[in-house]
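Text of upload-v9.pdb (PDB, C-alpha atoms, pLDDT in the B column) as supplied:
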```pdb
ATOM      1  CA  MET A   1       0.000   0.000   0.000  1.00 49.00           C
ATOM      2  CA  SER A   2       1.159   3.560  -0.600  1.00 63.00           C
ATOM      3  CA  ASN A   3       0.122   7.190  -0.394  1.00 84.00           C
ATOM      4  CA  SER A   4       0.601   7.989  -4.100  1.00 91.00           C
ATOM      5  CA  PRO A   5       0.756   5.907  -7.273  1.00 96.00           C
ATOM      6  CA  PRO A   6       3.963   5.329  -9.256  1.00 96.00           C
ATOM      7  CA  GLU A   7       5.006   8.191 -11.540  1.00 96.00           C
ATOM      8  CA  THR A   8       5.609   5.780 -14.434  1.00 97.00           C
ATOM      9  CA  LEU A   9       3.639   2.656 -15.328  1.00 97.00           C
ATOM     10  CA  LYS A  10       5.032   0.494 -18.129  1.00 97.00           C
ATOM     11  CA  LEU A  11       2.235  -1.284 -19.944  1.00 96.00           C
ATOM     12  CA  PRO A  12       2.068  -4.207 -22.369  1.00 93.00           C
ATOM     13  CA  ARG A  13       1.199  -1.489 -24.924  1.00 89.00           C
ATOM     14  CA  GLY A  14       2.595   1.932 -24.094  1.00 95.00           C
ATOM     15  CA  VAL A  15       3.622   3.755 -20.959  1.00 97.00           C
ATOM     16  CA  LEU A  16       1.778   6.038 -18.543  1.00 98.00           C
ATOM     17  CA  VAL A  17       3.953   8.896 -17.316  1.00 97.00           C
ATOM     18  CA  ARG A  18       3.113  11.476 -14.664  1.00 97.00           C
ATOM     19  CA  LEU A  19       1.881  14.639 -16.400  1.00 96.00           C
ATOM     20  CA  ARG A  20       4.437  17.422 -16.174  1.00 95.00           C
ATOM     21  CA  GLU A  21       4.717  20.920 -17.611  1.00 94.00           C
ATOM     22  CA  SER A  22       7.224  19.576 -20.145  1.00 94.00           C
ATOM     23  CA  HIS A  23       4.358  17.601 -21.753  1.00 94.00           C
ATOM     24  CA  SER A  24       2.244  20.681 -22.494  1.00 95.00           C
ATOM     25  CA  ASP A  25       3.159  21.050 -26.187  1.00 95.00           C
ATOM     26  CA  LEU A  26       2.601  17.326 -26.850  1.00 96.00           C
ATOM     27  CA  VAL A  27      -0.768  17.358 -25.053  1.00 96.00           C
ATOM     28  CA  ALA A  28      -1.810  20.461 -27.011  1.00 96.00           C
ATOM     29  CA  GLU A  29      -0.953  18.666 -30.279  1.00 95.00           C
ATOM     30  CA  ALA A  30      -3.011  15.620 -29.252  1.00 96.00           C
ATOM     31  CA  VAL A  31      -6.000  17.758 -28.242  1.00 96.00           C
ATOM     32  CA  LEU A  32      -5.975  19.725 -31.504  1.00 95.00           C
ATOM     33  CA  ALA A  33      -5.573  16.591 -33.632  1.00 95.00           C
ATOM     34  CA  SER A  34      -8.477  14.953 -31.778  1.00 95.00           C
ATOM     35  CA  LEU A  35     -10.769  17.940 -31.350  1.00 94.00           C
ATOM     36  CA  ASP A  36     -13.638  16.603 -33.481  1.00 95.00           C
ATOM     37  CA  HIS A  37     -13.387  13.281 -31.628  1.00 95.00           C
ATOM     38  CA  LEU A  38     -13.305  14.899 -28.158  1.00 95.00           C
ATOM     39  CA  LYS A  39     -15.864  17.715 -28.555  1.00 95.00           C
ATOM     40  CA  PRO A  40     -18.969  15.495 -28.358  1.00 95.00           C
ATOM     41  CA  TRP A  41     -17.904  14.041 -24.977  1.00 95.00           C
ATOM     42  CA  MET A  42     -15.550  16.487 -23.249  1.00 94.00           C
ATOM     43  CA  PRO A  43     -16.983  19.851 -22.134  1.00 93.00           C
ATOM     44  CA  TRP A  44     -13.488  21.376 -22.099  1.00 93.00           C
ATOM     45  CA  ALA A  45     -12.616  20.360 -25.686  1.00 92.00           C
ATOM     46  CA  SER A  46     -12.024  23.544 -27.691  1.00 91.00           C
ATOM     47  CA  VAL A  47      -9.415  25.178 -29.882  1.00 92.00           C
ATOM     48  CA  ASP A  48      -8.386  27.200 -26.820  1.00 91.00           C
ATOM     49  CA  ALA A  49      -7.832  23.989 -24.814  1.00 90.00           C
ATOM     50  CA  GLY A  50      -5.511  22.860 -27.592  1.00 91.00           C
ATOM     51  CA  SER A  51      -3.184  25.816 -27.187  1.00 94.00           C
ATOM     52  CA  PRO A  52       0.241  25.204 -25.664  1.00 94.00           C
ATOM     53  CA  ALA A  53      -0.393  28.033 -23.159  1.00 95.00           C
ATOM     54  CA  ALA A  54      -3.646  26.462 -21.925  1.00 95.00           C
ATOM     55  CA  GLN A  55      -1.993  23.068 -21.619  1.00 95.00           C
ATOM     56  CA  ARG A  56       1.011  24.548 -19.809  1.00 95.00           C
ATOM     57  CA  GLU A  57      -1.396  26.039 -17.256  1.00 95.00           C
ATOM     58  CA  ARG A  58      -3.260  22.722 -16.967  1.00 94.00           C
ATOM     59  CA  CYS A  59      -0.002  20.801 -16.522  1.00 94.00           C
ATOM     60  CA  GLN A  60       1.181  23.191 -13.811  1.00 95.00           C
ATOM     61  CA  ALA A  61      -2.113  22.722 -11.969  1.00 95.00           C
ATOM     62  CA  ALA A  62      -1.822  18.943 -12.359  1.00 95.00           C
ATOM     63  CA  GLN A  63       1.632  19.008 -10.770  1.00 94.00           C
ATOM     64  CA  GLU A  64       0.243  20.903  -7.764  1.00 95.00           C
ATOM     65  CA  LEU A  65      -2.720  18.523  -7.445  1.00 95.00           C
ATOM     66  CA  TRP A  66      -0.363  15.515  -7.507  1.00 95.00           C
ATOM     67  CA  GLY A  67       1.631  17.097  -4.692  1.00 92.00           C
ATOM     68  CA  SER A  68      -1.548  17.630  -2.651  1.00 93.00           C
ATOM     69  CA  GLY A  69      -2.603  14.001  -3.172  1.00 93.00           C
ATOM     70  CA  SER A  70      -5.977  14.862  -4.685  1.00 93.00           C
ATOM     71  CA  ASP A  71      -5.380  14.045  -8.367  1.00 96.00           C
ATOM     72  CA  TYR A  72      -2.843  11.951 -10.250  1.00 97.00           C
ATOM     73  CA  GLN A  73      -2.697  12.890 -13.945  1.00 97.00           C
ATOM     74  CA  TYR A  74      -0.792  10.897 -16.567  1.00 98.00           C
ATOM     75  CA  VAL A  75      -0.076  11.064 -20.270  1.00 97.00           C
ATOM     76  CA  LEU A  76      -0.212   7.866 -22.290  1.00 98.00           C
ATOM     77  CA  ARG A  77       2.544   7.403 -24.849  1.00 97.00           C
ATOM     78  CA  PRO A  78       3.258   4.437 -27.139  1.00 95.00           C
ATOM     79  CA  ASN A  79       6.829   4.514 -25.758  1.00 92.00           C
ATOM     80  CA  GLU A  80       8.823   6.790 -23.429  1.00 89.00           C
ATOM     81  CA  SER A  81       9.763   9.261 -26.178  1.00 91.00           C
ATOM     82  CA  GLY A  82       6.670   8.952 -28.389  1.00 93.00           C
ATOM     83  CA  PRO A  83       3.767  11.345 -28.873  1.00 96.00           C
ATOM     84  CA  VAL A  84       0.981  11.803 -26.332  1.00 96.00           C
ATOM     85  CA  ILE A  85      -1.830   9.456 -27.353  1.00 97.00           C
ATOM     86  CA  GLY A  86      -4.113   9.959 -24.377  1.00 97.00           C
ATOM     87  CA  SER A  87      -4.585  11.391 -20.931  1.00 97.00           C
ATOM     88  CA  PHE A  88      -5.571   9.413 -17.844  1.00 98.00           C
ATOM     89  CA  GLY A  89      -6.115  10.382 -14.248  1.00 97.00           C
ATOM     90  CA  LEU A  90      -7.096   9.237 -10.801  1.00 98.00           C
ATOM     91  CA  HIS A  91      -9.255  11.797  -8.993  1.00 97.00           C
ATOM     92  CA  ARG A  92     -10.293  11.908  -5.326  1.00 96.00           C
ATOM     93  CA  ARG A  93     -13.684  13.503  -5.946  1.00 94.00           C
ATOM     94  CA  ILE A  94     -16.127  10.716  -5.143  1.00 95.00           C
ATOM     95  CA  GLY A  95     -15.923  10.498  -1.374  1.00 92.00           C
ATOM     96  CA  PRO A  96     -14.091   8.413   1.214  1.00 94.00           C
ATOM     97  CA  GLY A  97     -12.622   5.116   0.056  1.00 95.00           C
ATOM     98  CA  GLY A  98     -13.065   5.894  -3.626  1.00 97.00           C
ATOM     99  CA  ILE A  99     -11.068   7.253  -6.508  1.00 97.00           C
ATOM    100  CA  GLU A 100     -12.421   8.070  -9.970  1.00 98.00           C
ATOM    101  CA  LEU A 101     -10.544   7.062 -13.102  1.00 98.00           C
ATOM    102  CA  GLY A 102     -10.999   9.348 -16.109  1.00 97.00           C
ATOM    103  CA  TYR A 103      -9.512   9.269 -19.600  1.00 97.00           C
ATOM    104  CA  TRP A 104      -9.499  10.499 -23.162  1.00 97.00           C
ATOM    105  CA  MET A 105      -7.693   9.153 -26.212  1.00 97.00           C
ATOM    106  CA  HIS A 106      -6.095  10.653 -29.322  1.00 96.00           C
ATOM    107  CA  VAL A 107      -8.419   9.889 -32.242  1.00 96.00           C
ATOM    108  CA  ASP A 108      -5.700   7.966 -34.147  1.00 96.00           C
ATOM    109  CA  TYR A 109      -5.271   5.480 -31.267  1.00 95.00           C
ATOM    110  CA  VAL A 110      -8.898   4.647 -30.443  1.00 94.00           C
ATOM    111  CA  SER A 111      -9.916   0.947 -30.550  1.00 94.00           C
ATOM    112  CA  GLN A 112      -6.336  -0.329 -30.468  1.00 94.00           C
ATOM    113  CA  GLY A 113      -6.293  -1.575 -26.852  1.00 94.00           C
ATOM    114  CA  TYR A 114      -4.214   1.261 -25.411  1.00 96.00           C
ATOM    115  CA  ALA A 115      -7.026   2.704 -23.284  1.00 96.00           C
ATOM    116  CA  THR A 116      -7.987  -0.660 -21.821  1.00 97.00           C
ATOM    117  CA  VAL A 117      -4.459  -1.570 -20.689  1.00 97.00           C
ATOM    118  CA  ALA A 118      -3.913   1.950 -19.316  1.00 98.00           C
ATOM    119  CA  ALA A 119      -7.204   1.842 -17.393  1.00 98.00           C
ATOM    120  CA  GLN A 120      -6.301  -1.599 -16.020  1.00 97.00           C
ATOM    121  CA  ALA A 121      -2.913  -0.374 -14.797  1.00 97.00           C
ATOM    122  CA  LEU A 122      -4.419   2.725 -13.168  1.00 97.00           C
ATOM    123  CA  THR A 123      -7.166   0.658 -11.556  1.00 98.00           C
ATOM    124  CA  GLU A 124      -4.482  -1.493  -9.920  1.00 96.00           C
ATOM    125  CA  ALA A 125      -2.462   1.594  -8.930  1.00 97.00           C
ATOM    126  CA  GLY A 126      -5.552   3.233  -7.446  1.00 96.00           C
ATOM    127  CA  LEU A 127      -6.498   0.168  -5.416  1.00 97.00           C
ATOM    128  CA  ALA A 128      -2.930   0.015  -4.069  1.00 95.00           C
ATOM    129  CA  LEU A 129      -3.345   3.417  -2.387  1.00 95.00           C
ATOM    130  CA  ASP A 130      -3.680   3.249   1.399  1.00 92.00           C
ATOM    131  CA  ASP A 131      -7.141   4.771   1.613  1.00 93.00           C
ATOM    132  CA  VAL A 132      -8.759   3.459  -1.582  1.00 96.00           C
ATOM    133  CA  THR A 133     -11.155   0.499  -1.539  1.00 96.00           C
ATOM    134  CA  ARG A 134     -12.932   1.121  -4.851  1.00 97.00           C
ATOM    135  CA  VAL A 135     -12.255   2.625  -8.273  1.00 98.00           C
ATOM    136  CA  GLU A 136     -15.085   4.183 -10.260  1.00 98.00           C
ATOM    137  CA  ILE A 137     -15.366   5.085 -13.934  1.00 98.00           C
ATOM    138  CA  HIS A 138     -18.215   7.446 -14.866  1.00 97.00           C
ATOM    139  CA  THR A 139     -19.460   7.355 -18.462  1.00 97.00           C
ATOM    140  CA  ASP A 140     -22.381   8.992 -20.196  1.00 97.00           C
ATOM    141  CA  GLU A 141     -24.795   6.290 -21.362  1.00 96.00           C
ATOM    142  CA  ALA A 142     -24.509   7.558 -24.945  1.00 97.00           C
ATOM    143  CA  ASN A 143     -20.706   7.140 -24.968  1.00 97.00           C
ATOM    144  CA  VAL A 144     -20.678   3.435 -25.769  1.00 95.00           C
ATOM    145  CA  LYS A 145     -16.938   3.283 -26.593  1.00 94.00           C
ATOM    146  CA  SER A 146     -15.956   4.792 -23.264  1.00 95.00           C
ATOM    147  CA  ALA A 147     -18.299   2.464 -21.357  1.00 96.00           C
ATOM    148  CA  ALA A 148     -16.798  -0.578 -23.072  1.00 96.00           C
ATOM    149  CA  ILE A 149     -13.565  -0.108 -21.111  1.00 97.00           C
ATOM    150  CA  PRO A 150     -14.921  -0.707 -17.584  1.00 98.00           C
ATOM    151  CA  GLN A 151     -17.048  -3.534 -18.946  1.00 97.00           C
ATOM    152  CA  ARG A 152     -13.951  -5.217 -20.445  1.00 96.00           C
ATOM    153  CA  LEU A 153     -12.132  -4.813 -17.134  1.00 97.00           C
ATOM    154  CA  GLY A 154     -14.906  -6.446 -15.096  1.00 96.00           C
ATOM    155  CA  PHE A 155     -16.250  -3.315 -13.399  1.00 97.00           C
ATOM    156  CA  GLY A 156     -19.881  -3.655 -12.318  1.00 97.00           C
ATOM    157  CA  LEU A 157     -22.550  -1.104 -13.167  1.00 97.00           C
ATOM    158  CA  ALA A 158     -23.416   0.217  -9.696  1.00 97.00           C
ATOM    159  CA  ARG A 159     -25.981   2.843 -10.692  1.00 97.00           C
ATOM    160  CA  VAL A 160     -27.171   5.287 -13.333  1.00 98.00           C
ATOM    161  CA  SER A 161     -27.735   8.865 -12.272  1.00 96.00           C
ATOM    162  CA  GLU A 162     -29.272  11.806 -14.081  1.00 96.00           C
ATOM    163  CA  ARG A 163     -27.630  15.189 -14.642  1.00 94.00           C
ATOM    164  CA  GLU A 164     -27.712  17.966 -17.182  1.00 95.00           C
ATOM    165  CA  PRO A 165     -25.590  17.057 -20.211  1.00 95.00           C
ATOM    166  CA  GLU A 166     -22.250  18.880 -20.133  1.00 93.00           C
ATOM    167  CA  ALA A 167     -21.068  18.078 -23.660  1.00 95.00           C
ATOM    168  CA  PRO A 168     -23.000  18.062 -26.969  1.00 95.00           C
ATOM    169  CA  ALA A 169     -23.415  14.289 -27.433  1.00 96.00           C
ATOM    170  CA  GLU A 170     -24.196  13.452 -23.817  1.00 96.00           C
ATOM    171  CA  CYS A 171     -27.672  12.257 -22.892  1.00 96.00           C
ATOM    172  CA  GLY A 172     -27.265  13.109 -19.204  1.00 95.00           C
ATOM    173  CA  ARG A 173     -27.573   9.550 -17.905  1.00 97.00           C
ATOM    174  CA  ILE A 174     -24.294   8.828 -16.112  1.00 97.00           C
ATOM    175  CA  GLN A 175     -23.271   5.219 -15.631  1.00 98.00           C
ATOM    176  CA  VAL A 176     -21.164   4.611 -12.534  1.00 98.00           C
ATOM    177  CA  TRP A 177     -18.929   1.579 -12.988  1.00 98.00           C
ATOM    178  CA  VAL A 178     -17.226   0.220  -9.840  1.00 98.00           C
ATOM    179  CA  THR A 179     -14.565  -2.307  -8.949  1.00 98.00           C
ATOM    180  CA  THR A 180     -13.038  -3.245  -5.621  1.00 96.00           C
ATOM    181  CA  GLY A 181     -10.486  -5.493  -7.271  1.00 78.00           C
ATOM    182  CA  GLN A 182     -12.081  -8.605  -5.790  1.00 76.00           C
TER     183      GLN A 182
END
```
Structure rendered as structure tokens:
Amino acid sequence: MSNSPPETLKLPRGVLVRLRESHSDLVAEAVLASLDHLKPWMPWASVDAGSPAAQRERCQAAQELWGSGSDYQYVLRPNESGPVIGSFGLHRRIGPGGIELGYWMHVDYVSQGYATVAAQALTEAGLALDDVTRVEIHTDEANVKSAAIPQRLGFGLARVSEREPEAPAECGRIQVWVTTGQ
């Protein structure tokens, strides 16, 4: 057990590396290249979010959040020196004992298995934290591709809650997928 996850997780396909300010240009490139893919599902997805300045600010904030122990943000790369092909994070925003896993992928790397192996590795890392007994993934019911990941990993559908849609393609029915690692 530990108080924070590893900064680097080598995967069967790719590597998750702690998000740092030095990644800002690569993240900006990935966001801009994937904007049409991300806009339907991510409320933050915009041309502005794809600017190096916006990503530098986001990366700086992510470094501070890591230090505080509230959020652990990673970039997914096909290898240690490759491009950013996704972003993954563990977030302490769901109450005691839980941590939420969130993700987005570069459009050119969707449906190639990268997201599933990254989510599996972060699920294990999250459950290894001292105070975490469950990992949750929240997906909008309309985002079938995103929901396929927790299903593949054996997460159970704990509940569906209603909220106002935050992104254009969302229906507002949020599926809460949960695993305890058992």
Problem set entry | From A:Leu127, A:Met105, A:Val178, A:Leu153, residue lying nearest Asp36 (chain A) [all atoms listed in the file] | A:Met105
Problem set entry | Ground truth for the PyMOL selection byres ((chain A and resi 9-15) around 6), written as an MDAnalysis selection string | chainID A and resid 8 16 76:79
Exercise. Neighbours of His138 (chain A) within 10 Å (only C-alpha atoms; same-chain residues fewer than 3 positions away dropped), as a ChimeraX atom specification?
Worked result: /A:100-102,141,146-147,150,157,159-161,174-178
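Across the structure, CA of Ala125 (chain A) and CA of Leu19 (chain A) are spaced 15.6 Å apart.
Within the file as shown, the PyMOL selection byres ((chain A and resi 42) around 9) identifies A:Leu38, A:Lys39, A:Pro40, A:Trp41, A:Pro43, A:Trp44, A:Ala45, A:Trp104, A:Glu166, A:Ala167, A:Pro168.
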For this session: To verify the selection step, state as a list in words which residues the PyMOL selection byres ((chain A and resi 163) around 7) yields on this input.
Result: Ser161, Glu162, Glu164, Pro165, Gly172 and Arg173 of chain A
For this session: Write out as a PyMOL selection string which residues come within 9 Å of Ala30 (chain A) when counting all atoms listed in the file, dropping same-chain ones fewer than 4 positions away.
Result: chain A and resi 25-26+34-35+50+83-86+105-107
For this session: Excluding Glu7 (chain A) and residues on its chain fewer than 5 positions from it, collect all residues at most 12 Å away from it, counting only C-alpha atoms, and give them as a ChimeraX atom specification.
Result: /A:15-20,63,66-67,72-76,89,122,125
Problem set entry | Interatomic distance (Å, one decimal) between CA of His91 (chain A) and CA of Ala49 (chain A) | 20.0 Å
Problem set entry | Polymer residues at most 10 Å from Ile94 (chain A), all atoms listed in the file, same-chain spacing of 4 or more positions, as number ranges by chain | A: 98-100, 135-136
